[in-house]
Number of protein chains: 2
Amino acid sequence: MNVAQPIEWTDKGVVMLDQRRLPGEVIRHTYADYRDVAAAIKDMVIRGAPAIGVAAAMGVALGVERSKARTLEELRAEFLSICQTIAGTRPTAVDLFWAVERMSRSFEQLAAANTPLDALRRAMVEEARAIHAEKKAIDEAIGCFGAELMPATGQVMTQCNAGALATAGIGTALGVIRVAVEQGHKLRVLVPETRPYLQGARLTAWELREGGIPLTLITDNMVGHFMKTGSVAAVVVGADRIAANGDTANKIGTYQIAVLAHEHGVPFYVAAPVSTFDLTISSGEQIPIEERSADEVTHLCGVRIAPDVTVANPAFDVTPARLVSAIICERGVARAPYVESLRRLAGSK
Amino acid sequence: MNVAQPIEWTDKGVVMLDQRRLPGEVIRHTYADYRDVAAAIKDMVIRGAPAIGVAAAMGVALGVERSKARTLEELRAEFLSICQTIAGTRPTAVDLFWAVERMSRSFEQLAAANTPLDALRRAMVEEARAIHAEKKAIDEAIGCFGAELMPATGQVMTQCNAGALATAGIGTALGVIRVAVEQGHKLRVLVPETRPYLQGARLTAWELREGGIPLTLITDNMVGHFMKTGSVAAVVVGADRIAANGDTANKIGTYQIAVLAHEHGVPFYVAAPVSTFDLTISSGEQIPIEERSADEVTHLCGVRIAPDVTVANPAFDVTPARLVSAIICERGVARAPYVESLRRLAGSK
């Protein structure tokens, strides 16, 4: 099954699929300079927390690999500057800082062990590739645990793009669907377009079509109609942040899909890695909601579609745990009460 | 309060606001030939069942008024051709046939009474203007009955455009809001954009702004979030067809708004004239759902926003009566059980 890779490490440099141009154009850029990787992260060539983490690690590795430094001191000075550039691209991306932090730890360990510079450069590249491989393994595990929850046949709904394009693996929510289809489930995916940024229409529809998985694209206000007419067997979505009690922040629109699923007796699953669990917050009420630019609502493809009026544009909403049938992570499936099940999974290996 | 009139009878002919160009451009066309009125109806310069009815009546009147016929027989032959042209513009518009039918009855009564041709021409124009005046009176009555149900202060939500642009009066759902605001209620309107055709963003947002009524434009997937965060006091929408049991067909997305309103304890009102009651059907299950072109979902302003995939595009959905708090018509307010209340209102004057 074809998996659309948003980022790859190659001998020529870091190759990125330009997601801003999808689905109209499939363009890949090859970056041989870490500054170009930084610019690509900043300019949203790549998106999705895990994929941004991989891009950050590869950007740091690229900088070290191509560095002309001749001494460890020179290389360290350059390394700090590289890390600063990469970390400065997207100020709210947790995975970005995590990846830079991990690359830094690796660098210091290698330096402390007096690793020769050439070997150190190679090891840093290996570390970035290891991060990518780990992200892929996490998605595969989520996919396997989640596939068991998918119907043998029928339609499943998702929201936004929790796919390969977002994770650099097989995806979380879409990974679950992908593994189920590979295992022989006969699924069709109902894809809400996910206004205002249209990640469903632009990315998920494209990714599923590339993967050969049947889909039907709908507008966001058709969700209830299709649930009522009985053609949705399950919902599976990703998550941006999950509180200790199971309350889940995800792309705007997820909450109302969960309410509608509950009303129609349709199971609602969240598929997300343990890294999205935030057990330091007790409930979703503590999750701040990012308000984005009004232009995303009033304009499409640069064309104004609404008059100049007041606009609301919350990027996320919070789905209370009582509407979540299960949370699927790489270590297993959590069910209510989530305070216990999430803590158990977060603490396990 | 400024009411945007989609159609007006003037000495120069029928003046129509070109709704296809809103909100970008405010363009009015003056039609002195009934064939141009027919073309305007067909090409969606005007939309909304009541407004189309008014346009049809005015088109017929314009044809008769401008006819060069010198005998009743000549005029009748021309009249039949005019009616055929107008009736052939939108094959599913019930109000269109109703208006043509009524103009025909009026013509035959005037002819039977040996009315002189000049007087007959003037009387036909008066009949079309009377239809327009009746539509306005219906909206005013709906507005007055509905205003009592509006909160003294707070946010109310609507869907699509059940406004002046659709009815040629003050609107049904928006008429309720308008009268309430005129009576001193402090309301702000939450306007879902109403994909795929964006009647909310393009028409309702424009109409409310023109009328000086505060609004906030949102995407269709933000409805649940705003209900959950507690900022919606009531929902009021229009209707395309109401079954004997109160089940209501309206623009796609209405059903899920009703479910979300119910979940959050928000009253959900339908505002529609008695002419939308269809007591010959016992429930909403008998209402066929029109499936429209995939292009409306995959393209916006001529730009492709999704890959070439399977698309669903039901134009309407059906809200079951149990989710409807009240149905507001020009004769009063119907509450459950609707089988009785709708029959009573339909039979009263």
# chains A, B, ... in the order shown; residues from 1 in each chain; ligands from 1
$ closest_atom_pairs --of "chain B" --to "chain A" --cutoff "7 Å" --atoms "only C-alpha atoms" --output "Markdown table"
| residue | atom | partner | partner_atom | distance |
| --- | --- | --- | --- | --- |
| B:Pro23 | CA | A:Pro307 | CA | 5.6 |
| B:Arg195 | CA | A:Thr219 | CA | 6.4 |
| B:Pro196 | CA | A:Thr219 | CA | 6.6 |
| B:Ala201 | CA | A:Ala306 | CA | 4.9 |
| B:Arg202 | CA | A:Ala306 | CA | 5.0 |
| B:Ala205 | CA | A:Pro307 | CA | 6.8 |
| B:Trp206 | CA | A:Pro307 | CA | 6.0 |
| B:Leu215 | CA | A:Thr310 | CA | 6.5 |
| B:Thr216 | CA | A:Thr310 | CA | 4.9 |
| B:Leu217 | CA | A:Val311 | CA | 4.7 |
| B:Ile218 | CA | A:Ala312 | CA | 5.6 |
| B:Thr219 | CA | A:Arg195 | CA | 6.4 |
| B:Asp220 | CA | A:Asn221 | CA | 5.7 |
| B:Asn221 | CA | A:Gly253 | CA | 4.3 |
| B:Met222 | CA | A:Gly253 | CA | 5.7 |
| B:Gly224 | CA | A:Gln256 | CA | 4.8 |
| B:His225 | CA | A:Asp317 | CA | 6.2 |
| B:Ile252 | CA | A:Met222 | CA | 6.3 |
| B:Gly253 | CA | A:Asn221 | CA | 4.3 |
| B:Tyr255 | CA | A:Gly224 | CA | 6.5 |
| B:Gln256 | CA | A:Gly224 | CA | 4.8 |
| B:Val297 | CA | A:Thr219 | CA | 6.9 |
| B:Ile305 | CA | A:Arg202 | CA | 6.4 |
| B:Ala306 | CA | A:Ala201 | CA | 4.9 |
| B:Pro307 | CA | A:Pro23 | CA | 5.6 |
| B:Thr310 | CA | A:Thr216 | CA | 4.9 |
| B:Val311 | CA | A:Leu217 | CA | 4.7 |
| B:Ala312 | CA | A:Ile218 | CA | 5.6 |
| B:Asn313 | CA | A:Ile218 | CA | 6.9 |
| B:Asp317 | CA | A:His225 | CA | 6.2 |
$ closest_atom_pairs --of "range 41-144 of chain A" --to "range 148-169 of chain A" --cutoff "7 Å" --atoms "only C-alpha atoms" --output "Markdown table"
| residue | atom | partner | partner_atom | distance |
| --- | --- | --- | --- | --- |
| A:Arg47 | CA | A:Ala166 | CA | 5.8 |
| A:Gly48 | CA | A:Ala166 | CA | 4.0 |
| A:Ala49 | CA | A:Ala166 | CA | 6.8 |
| A:Pro50 | CA | A:Thr167 | CA | 4.6 |
| A:Ala51 | CA | A:Thr167 | CA | 4.5 |
| A:Lys135 | CA | A:Gly169 | CA | 6.1 |
| A:Lys136 | CA | A:Gly169 | CA | 4.1 |
| A:Asp139 | CA | A:Gly169 | CA | 5.9 |
$ write_last_selection --atoms "C-alpha atoms" --output "PDB file, in the first residue's frame"
ATOM      1  CA  ARG A  47       3.049  20.124   9.134  1.00  0.00           C
ATOM      2  CA  GLY A  48       1.810  17.802  11.895  1.00  0.00           C
ATOM      3  CA  ALA A  49       3.605  17.557  15.238  1.00  0.00           C
ATOM      4  CA  PRO A  50       5.450  14.243  14.724  1.00  0.00           C
ATOM      5  CA  ALA A  51       6.494  15.131  11.171  1.00  0.00           C
ATOM      6  CA  LYS A 135       7.865   7.591  14.804  1.00  0.00           C
ATOM      7  CA  LYS A 136       7.107   4.966  12.169  1.00  0.00           C
ATOM      8  CA  ASP A 139       2.303   4.565  14.123  1.00  0.00           C
TER       9      ASP A 139
END
$ atom_distance --atom1 "CA of Tyr269 in chain B" --atom2 "CA of Ala346 in chain B"
18.0 Å
$ select_by_dssp --residues "range 134-235 of chain A" --states "strand (DSSP E or B)" --output "list in words"
Thr153, Gly154, Gln155, Val156, Met157, Gly163, Gly171, Lys186, Leu187, Arg188, Val189, Leu190, Val191, Pro192, Leu215, Thr216, Leu217, Ile218, Ala234 and Val235 of chain A
$ write_last_selection --atoms "all heavy atoms" --output "compact mmCIF listing (two decimals), in the first residue's frame"
# COMPACT_ATOMS: atom_id res chain seq x y z
N THR A 153 -16.49 -4.53 7.93
CA THR A 153 -16.90 -3.87 6.70
C THR A 153 -17.75 -2.65 7.06
O THR A 153 -18.42 -2.65 8.09
CB THR A 153 -17.69 -4.85 5.80
OG1 THR A 153 -18.08 -4.17 4.62
CG2 THR A 153 -18.92 -5.39 6.50
N GLY A 154 -17.68 -1.62 6.25
CA GLY A 154 -18.50 -0.43 6.52
C GLY A 154 -17.74 0.86 6.34
O GLY A 154 -16.60 0.88 5.90
N GLN A 155 -18.42 1.96 6.69
CA GLN A 155 -17.81 3.28 6.56
C GLN A 155 -17.29 3.76 7.90
O GLN A 155 -17.96 3.64 8.92
CB GLN A 155 -18.83 4.29 6.03
CG GLN A 155 -19.23 4.03 4.58
CD GLN A 155 -19.87 5.25 3.94
OE1 GLN A 155 -19.28 5.90 3.09
NE2 GLN A 155 -21.08 5.56 4.33
N VAL A 156 -16.09 4.33 7.90
CA VAL A 156 -15.56 4.97 9.10
C VAL A 156 -15.29 6.43 8.76
O VAL A 156 -14.98 6.77 7.63
CB VAL A 156 -14.28 4.28 9.62
CG1 VAL A 156 -14.58 2.87 10.07
CG2 VAL A 156 -13.19 4.27 8.56
N MET A 157 -15.44 7.27 9.78
CA MET A 157 -15.24 8.71 9.56
C MET A 157 -13.98 9.15 10.28
O MET A 157 -13.63 8.62 11.33
CB MET A 157 -16.45 9.47 10.10
CG MET A 157 -16.44 10.96 9.79
SD MET A 157 -17.90 11.79 10.46
CE MET A 157 -19.15 11.30 9.28
N GLY A 163 -2.72 11.62 9.36
CA GLY A 163 -2.21 10.61 8.45
C GLY A 163 -0.71 10.64 8.33
O GLY A 163 -0.01 11.29 9.11
N GLY A 171 0.69 7.31 9.84
CA GLY A 171 -0.41 8.09 10.40
C GLY A 171 -0.94 7.46 11.66
O GLY A 171 -0.65 6.30 11.96
N LYS A 186 -13.01 -4.35 4.97
CA LYS A 186 -13.52 -3.63 3.78
C LYS A 186 -14.06 -2.28 4.24
O LYS A 186 -15.22 -2.17 4.63
CB LYS A 186 -14.63 -4.44 3.11
CG LYS A 186 -14.21 -5.86 2.70
CD LYS A 186 -13.46 -5.85 1.38
CE LYS A 186 -12.96 -7.24 0.99
NZ LYS A 186 -11.46 -7.31 1.04
N LEU A 187 -13.21 -1.28 4.22
CA LEU A 187 -13.60 0.04 4.75
C LEU A 187 -13.67 1.09 3.65
O LEU A 187 -12.91 1.06 2.69
CB LEU A 187 -12.59 0.50 5.81
CG LEU A 187 -12.36 -0.41 7.01
CD1 LEU A 187 -11.38 0.24 7.98
CD2 LEU A 187 -13.67 -0.73 7.72
N ARG A 188 -14.62 2.01 3.83
CA ARG A 188 -14.65 3.25 3.06
C ARG A 188 -14.58 4.38 4.08
O ARG A 188 -15.18 4.29 5.15
CB ARG A 188 -15.94 3.33 2.23
CG ARG A 188 -16.18 4.70 1.59
CD ARG A 188 -17.40 4.71 0.68
NE ARG A 188 -17.10 4.12 -0.60
CZ ARG A 188 -16.58 4.79 -1.65
NH1 ARG A 188 -16.34 6.08 -1.56
NH2 ARG A 188 -16.35 4.18 -2.77
N VAL A 189 -13.82 5.41 3.77
CA VAL A 189 -13.63 6.49 4.74
C VAL A 189 -14.47 7.71 4.35
O VAL A 189 -14.41 8.18 3.21
CB VAL A 189 -12.13 6.89 4.83
CG1 VAL A 189 -11.93 7.88 5.98
CG2 VAL A 189 -11.26 5.65 5.02
N LEU A 190 -15.28 8.19 5.29
CA LEU A 190 -16.00 9.44 5.10
C LEU A 190 -15.07 10.56 5.59
O LEU A 190 -14.68 10.58 6.76
CB LEU A 190 -17.29 9.45 5.91
CG LEU A 190 -18.54 8.90 5.21
CD1 LEU A 190 -19.68 8.76 6.21
CD2 LEU A 190 -18.96 9.80 4.06
N VAL A 191 -14.73 11.47 4.71
CA VAL A 191 -13.74 12.51 5.01
C VAL A 191 -14.40 13.89 5.05
O VAL A 191 -14.72 14.46 4.01
CB VAL A 191 -12.62 12.51 3.94
CG1 VAL A 191 -11.59 13.59 4.25
CG2 VAL A 191 -11.97 11.14 3.83
N PRO A 192 -14.63 14.46 6.24
CA PRO A 192 -15.11 15.85 6.29
C PRO A 192 -13.99 16.79 5.82
O PRO A 192 -12.83 16.58 6.16
CB PRO A 192 -15.43 16.08 7.78
CG PRO A 192 -15.50 14.69 8.38
CD PRO A 192 -14.54 13.87 7.59
N LEU A 215 -12.83 6.37 -0.46
CA LEU A 215 -13.28 7.46 0.41
C LEU A 215 -14.42 8.22 -0.23
O LEU A 215 -14.62 8.18 -1.44
CB LEU A 215 -12.12 8.43 0.68
CG LEU A 215 -11.73 9.35 -0.49
CD1 LEU A 215 -11.65 10.79 -0.01
CD2 LEU A 215 -10.43 8.89 -1.09
N THR A 216 -15.16 8.92 0.61
CA THR A 216 -16.16 9.88 0.14
C THR A 216 -15.90 11.18 0.88
O THR A 216 -15.88 11.22 2.11
CB THR A 216 -17.60 9.39 0.44
OG1 THR A 216 -17.79 8.13 -0.18
CG2 THR A 216 -18.62 10.38 -0.11
N LEU A 217 -15.68 12.24 0.11
CA LEU A 217 -15.45 13.57 0.68
C LEU A 217 -16.80 14.24 0.94
O LEU A 217 -17.69 14.21 0.09
CB LEU A 217 -14.62 14.40 -0.31
CG LEU A 217 -14.34 15.86 0.06
CD1 LEU A 217 -13.47 15.94 1.31
CD2 LEU A 217 -13.67 16.57 -1.11
N ILE A 218 -16.95 14.83 2.13
CA ILE A 218 -18.19 15.55 2.47
C ILE A 218 -17.82 16.91 3.06
O ILE A 218 -16.68 17.13 3.47
CB ILE A 218 -19.07 14.76 3.48
CG1 ILE A 218 -18.32 14.53 4.80
CG2 ILE A 218 -19.52 13.43 2.87
CD1 ILE A 218 -19.18 13.89 5.89
N ALA A 234 -17.94 3.70 12.63
CA ALA A 234 -17.01 4.15 13.68
C ALA A 234 -16.37 5.46 13.25
O ALA A 234 -16.33 5.78 12.06
CB ALA A 234 -15.90 3.11 13.91
N VAL A 235 -15.89 6.21 14.25
CA VAL A 235 -15.12 7.43 13.99
C VAL A 235 -13.73 7.21 14.59
O VAL A 235 -13.61 6.66 15.68
CB VAL A 235 -15.77 8.67 14.66
CG1 VAL A 235 -14.89 9.91 14.45
CG2 VAL A 235 -17.17 8.90 14.11
$ residues_around --residues "Ile281 in chain B" --least-positions-apart "3" --cutoff "7 Å" --atoms "only C-alpha atoms" --output "VMD selection string"
chain B and resid 243 to 244 278 286
$ select_by_dssp --residues "range 125-167 of chain A" --states "alpha helix (DSSP H)" --output "JSON, numbers by chain"
{"A": [125, 126, 127, 128, 129, 130, 131, 132, 133, 134, 135, 136, 137, 138, 139, 140, 141, 142, 143, 144, 145, 146, 147, 164, 165, 166, 167]}
$ write_last_selection --atoms "N, CA and C atoms" --output "CSV table (one decimal), in the first residue's frame"
chain,number,residue,atom,x,y,z
A,125,VAL,N,23.5,11.8,12.1
A,125,VAL,CA,22.6,11.4,11.0
A,125,VAL,C,21.8,10.1,11.4
A,126,GLU,N,22.5,9.2,12.0
A,126,GLU,CA,21.8,8.0,12.5
A,126,GLU,C,20.8,8.3,13.5
A,127,GLU,N,21.1,9.2,14.4
A,127,GLU,CA,20.1,9.6,15.5
A,127,GLU,C,18.9,10.2,14.9
A,128,ALA,N,19.0,11.0,13.9
A,128,ALA,CA,17.8,11.6,13.2
A,128,ALA,C,17.0,10.5,12.5
A,129,ARG,N,17.7,9.6,11.9
A,129,ARG,CA,17.0,8.5,11.2
A,129,ARG,C,16.3,7.6,12.2
A,130,ALA,N,17.0,7.5,13.4
A,130,ALA,CA,16.4,6.6,14.5
A,130,ALA,C,15.1,7.3,15.0
A,131,ILE,N,15.1,8.6,15.1
A,131,ILE,CA,13.9,9.3,15.5
A,131,ILE,C,12.8,9.0,14.5
A,132,HIS,N,13.1,9.1,13.2
A,132,HIS,CA,12.1,8.9,12.2
A,132,HIS,C,11.6,7.4,12.3
A,133,ALA,N,12.5,6.5,12.5
A,133,ALA,CA,12.1,5.1,12.6
A,133,ALA,C,11.2,4.8,13.8
A,134,GLU,N,11.5,5.5,14.9
A,134,GLU,CA,10.7,5.4,16.1
A,134,GLU,C,9.3,5.9,15.8
A,135,LYS,N,9.2,7.0,15.1
A,135,LYS,CA,7.9,7.6,14.8
A,135,LYS,C,7.1,6.6,14.0
A,136,LYS,N,7.8,6.0,13.0
A,136,LYS,CA,7.1,5.0,12.2
A,136,LYS,C,6.6,3.8,13.0
A,137,ALA,N,7.5,3.3,13.9
A,137,ALA,CA,7.1,2.2,14.8
A,137,ALA,C,5.9,2.5,15.7
A,138,ILE,N,5.9,3.7,16.2
A,138,ILE,CA,4.8,4.1,17.0
A,138,ILE,C,3.5,4.1,16.2
A,139,ASP,N,3.5,4.6,15.0
A,139,ASP,CA,2.3,4.6,14.1
A,139,ASP,C,1.9,3.1,13.8
A,140,GLU,N,2.9,2.3,13.6
A,140,GLU,CA,2.5,0.9,13.2
A,140,GLU,C,1.8,0.2,14.4
A,141,ALA,N,2.4,0.5,15.6
A,141,ALA,CA,1.8,-0.1,16.9
A,141,ALA,C,0.4,0.4,17.1
A,142,ILE,N,0.2,1.7,16.9
A,142,ILE,CA,-1.2,2.3,17.1
A,142,ILE,C,-2.1,1.7,16.0
A,143,GLY,N,-1.6,1.5,14.8
A,143,GLY,CA,-2.4,0.9,13.7
A,143,GLY,C,-2.8,-0.5,14.1
A,144,CYS,N,-1.9,-1.2,14.7
A,144,CYS,CA,-2.3,-2.6,15.0
A,144,CYS,C,-3.3,-2.7,16.1
A,145,PHE,N,-3.1,-1.9,17.2
A,145,PHE,CA,-4.0,-1.9,18.3
A,145,PHE,C,-5.4,-1.4,17.8
A,146,GLY,N,-5.4,-0.4,17.0
A,146,GLY,CA,-6.6,0.2,16.5
A,146,GLY,C,-7.4,-0.6,15.5
A,147,ALA,N,-6.7,-1.3,14.7
A,147,ALA,CA,-7.3,-2.1,13.6
A,147,ALA,C,-8.3,-3.1,14.2
A,164,ALA,N,-0.2,9.9,7.3
A,164,ALA,CA,1.2,9.8,7.1
A,164,ALA,C,1.8,11.3,6.9
A,165,LEU,N,1.0,12.1,6.2
A,165,LEU,CA,1.5,13.5,6.0
A,165,LEU,C,1.8,14.2,7.2
A,166,ALA,N,1.1,13.9,8.3
A,166,ALA,CA,1.3,14.6,9.6
A,166,ALA,C,2.3,13.9,10.5
A,167,THR,N,2.6,12.6,10.3
A,167,THR,CA,3.4,11.9,11.3
A,167,THR,C,4.7,11.4,10.7
$ residues_around --residues "Asp247 in chain B" --least-positions-apart "4" --cutoff "10 Å" --atoms "only C-alpha atoms" --output "list of chain:residue names"
B:Arg241, B:Ile242, B:Ala243, B:Ile281, B:Ser282, B:Ser283, B:Gly284, B:Glu285, B:Ile287, B:Val318, B:Thr319, B:Pro320, B:Ala321, B:Arg322, B:Leu323, B:Val324, B:Tyr338
$ write_last_selection --atoms "all heavy atoms" --output "short mmCIF file (atom, residue, chain, number, x, y, z; two decimals), in the first residue's frame"
data_model
loop_
_atom_site.label_atom_id
_atom_site.label_comp_id
_atom_site.auth_asym_id
_atom_site.auth_seq_id
_atom_site.Cartn_x
_atom_site.Cartn_y
_atom_site.Cartn_z
N ARG B 241 -39.58 22.39 3.73
CA ARG B 241 -40.79 21.58 3.71
C ARG B 241 -40.96 20.99 5.10
O ARG B 241 -40.00 20.49 5.69
CB ARG B 241 -40.60 20.45 2.68
CG ARG B 241 -41.87 19.87 2.13
CD ARG B 241 -41.48 19.10 0.88
NE ARG B 241 -42.55 18.22 0.44
CZ ARG B 241 -42.39 17.25 -0.45
NH1 ARG B 241 -41.19 17.02 -0.97
NH2 ARG B 241 -43.40 16.49 -0.80
N ILE B 242 -42.19 21.06 5.61
CA ILE B 242 -42.48 20.55 6.95
C ILE B 242 -43.57 19.49 6.84
O ILE B 242 -44.66 19.77 6.32
CB ILE B 242 -42.92 21.70 7.88
CG1 ILE B 242 -41.80 22.76 7.98
CG2 ILE B 242 -43.27 21.15 9.27
CD1 ILE B 242 -42.18 24.00 8.79
N ALA B 243 -43.27 18.27 7.30
CA ALA B 243 -44.24 17.17 7.22
C ALA B 243 -45.30 17.34 8.31
O ALA B 243 -45.14 18.14 9.25
CB ALA B 243 -43.53 15.83 7.37
N ILE B 281 -47.81 14.55 3.63
CA ILE B 281 -46.82 13.53 4.02
C ILE B 281 -46.77 13.45 5.54
O ILE B 281 -46.77 14.47 6.24
CB ILE B 281 -45.42 13.79 3.42
CG1 ILE B 281 -44.91 15.19 3.79
CG2 ILE B 281 -45.44 13.62 1.91
CD1 ILE B 281 -43.47 15.42 3.38
N SER B 282 -46.76 12.20 6.04
CA SER B 282 -46.91 12.02 7.48
C SER B 282 -45.60 12.26 8.23
O SER B 282 -45.62 12.67 9.39
CB SER B 282 -47.44 10.62 7.78
OG SER B 282 -46.54 9.66 7.28
N SER B 283 -44.47 12.01 7.57
CA SER B 283 -43.19 12.22 8.27
C SER B 283 -42.11 12.62 7.28
O SER B 283 -42.27 12.50 6.05
CB SER B 283 -42.76 10.97 9.02
OG SER B 283 -42.07 10.10 8.16
N GLY B 284 -40.97 13.03 7.83
CA GLY B 284 -39.85 13.47 7.02
C GLY B 284 -39.22 12.37 6.19
O GLY B 284 -38.49 12.66 5.23
N GLU B 285 -39.51 11.12 6.55
CA GLU B 285 -38.92 10.02 5.77
C GLU B 285 -39.42 10.03 4.33
O GLU B 285 -38.79 9.45 3.45
CB GLU B 285 -39.26 8.68 6.42
CG GLU B 285 -38.35 8.39 7.61
CD GLU B 285 -38.85 7.22 8.43
OE1 GLU B 285 -39.38 6.27 7.83
OE2 GLU B 285 -38.72 7.27 9.67
N ILE B 287 -39.66 12.68 2.52
CA ILE B 287 -39.11 13.82 1.78
C ILE B 287 -37.85 13.36 1.04
O ILE B 287 -36.88 12.94 1.67
CB ILE B 287 -38.76 14.99 2.73
CG1 ILE B 287 -40.02 15.45 3.48
CG2 ILE B 287 -38.14 16.14 1.95
CD1 ILE B 287 -39.77 16.54 4.51
N VAL B 318 -33.08 16.21 7.04
CA VAL B 318 -34.37 16.24 7.73
C VAL B 318 -34.14 16.24 9.24
O VAL B 318 -33.44 15.38 9.77
CB VAL B 318 -35.25 15.04 7.33
CG1 VAL B 318 -36.54 15.04 8.14
CG2 VAL B 318 -35.56 15.10 5.83
N THR B 319 -34.71 17.21 9.91
CA THR B 319 -34.62 17.31 11.36
C THR B 319 -35.90 16.73 11.96
O THR B 319 -37.00 17.21 11.65
CB THR B 319 -34.47 18.78 11.79
OG1 THR B 319 -33.26 19.30 11.22
CG2 THR B 319 -34.42 18.92 13.30
N PRO B 320 -35.78 15.69 12.78
CA PRO B 320 -37.00 15.11 13.35
C PRO B 320 -37.68 16.08 14.32
O PRO B 320 -37.02 16.86 15.01
CB PRO B 320 -36.50 13.86 14.07
CG PRO B 320 -35.05 14.06 14.28
CD PRO B 320 -34.57 14.98 13.20
N ALA B 321 -38.99 16.00 14.37
CA ALA B 321 -39.81 16.93 15.16
C ALA B 321 -39.39 16.96 16.63
O ALA B 321 -39.47 18.02 17.28
CB ALA B 321 -41.28 16.55 15.03
N ARG B 322 -38.90 15.84 17.17
CA ARG B 322 -38.56 15.80 18.59
C ARG B 322 -37.44 16.79 18.94
O ARG B 322 -37.26 17.14 20.12
CB ARG B 322 -38.17 14.38 19.03
CG ARG B 322 -36.90 13.89 18.43
CD ARG B 322 -36.47 12.49 18.91
NE ARG B 322 -35.30 12.07 18.17
CZ ARG B 322 -34.06 12.44 18.45
NH1 ARG B 322 -33.82 13.20 19.49
NH2 ARG B 322 -33.05 12.04 17.71
N LEU B 323 -36.67 17.23 17.95
CA LEU B 323 -35.60 18.20 18.20
C LEU B 323 -36.05 19.64 17.99
O LEU B 323 -35.27 20.57 18.19
CB LEU B 323 -34.40 17.90 17.28
CG LEU B 323 -33.75 16.52 17.45
CD1 LEU B 323 -32.65 16.33 16.41
CD2 LEU B 323 -33.19 16.35 18.85
N VAL B 324 -37.30 19.82 17.54
CA VAL B 324 -37.80 21.17 17.22
C VAL B 324 -38.60 21.71 18.40
O VAL B 324 -39.63 21.14 18.78
CB VAL B 324 -38.67 21.12 15.94
CG1 VAL B 324 -39.23 22.51 15.64
CG2 VAL B 324 -37.87 20.57 14.76
N TYR B 338 -47.04 18.10 17.03
CA TYR B 338 -47.20 18.90 15.81
C TYR B 338 -48.33 18.41 14.91
O TYR B 338 -48.88 19.19 14.14
CB TYR B 338 -45.88 18.95 15.03
CG TYR B 338 -44.82 19.75 15.75
CD1 TYR B 338 -43.75 19.13 16.39
CD2 TYR B 338 -44.90 21.14 15.80
CE1 TYR B 338 -42.79 19.86 17.06
CE2 TYR B 338 -43.94 21.88 16.47
CZ TYR B 338 -42.88 21.24 17.10
OH TYR B 338 -41.93 21.97 17.77
#
$ residues_around --residues "Thr89 in chain A" --least-positions-apart "5" --cutoff "7 Å" --atoms "only C-alpha atoms" --output "list in words"
Ala38, Ile41 and Lys42 of chain A
$ residues_around --residues "range 70-78 of chain B" --least-positions-apart "2" --cutoff "10 Å" --atoms "only C-alpha atoms" --output "PyMOL selection string"
chain B and resi 63-64+67-68+80-84+104+107-108+111+114-118+120-121
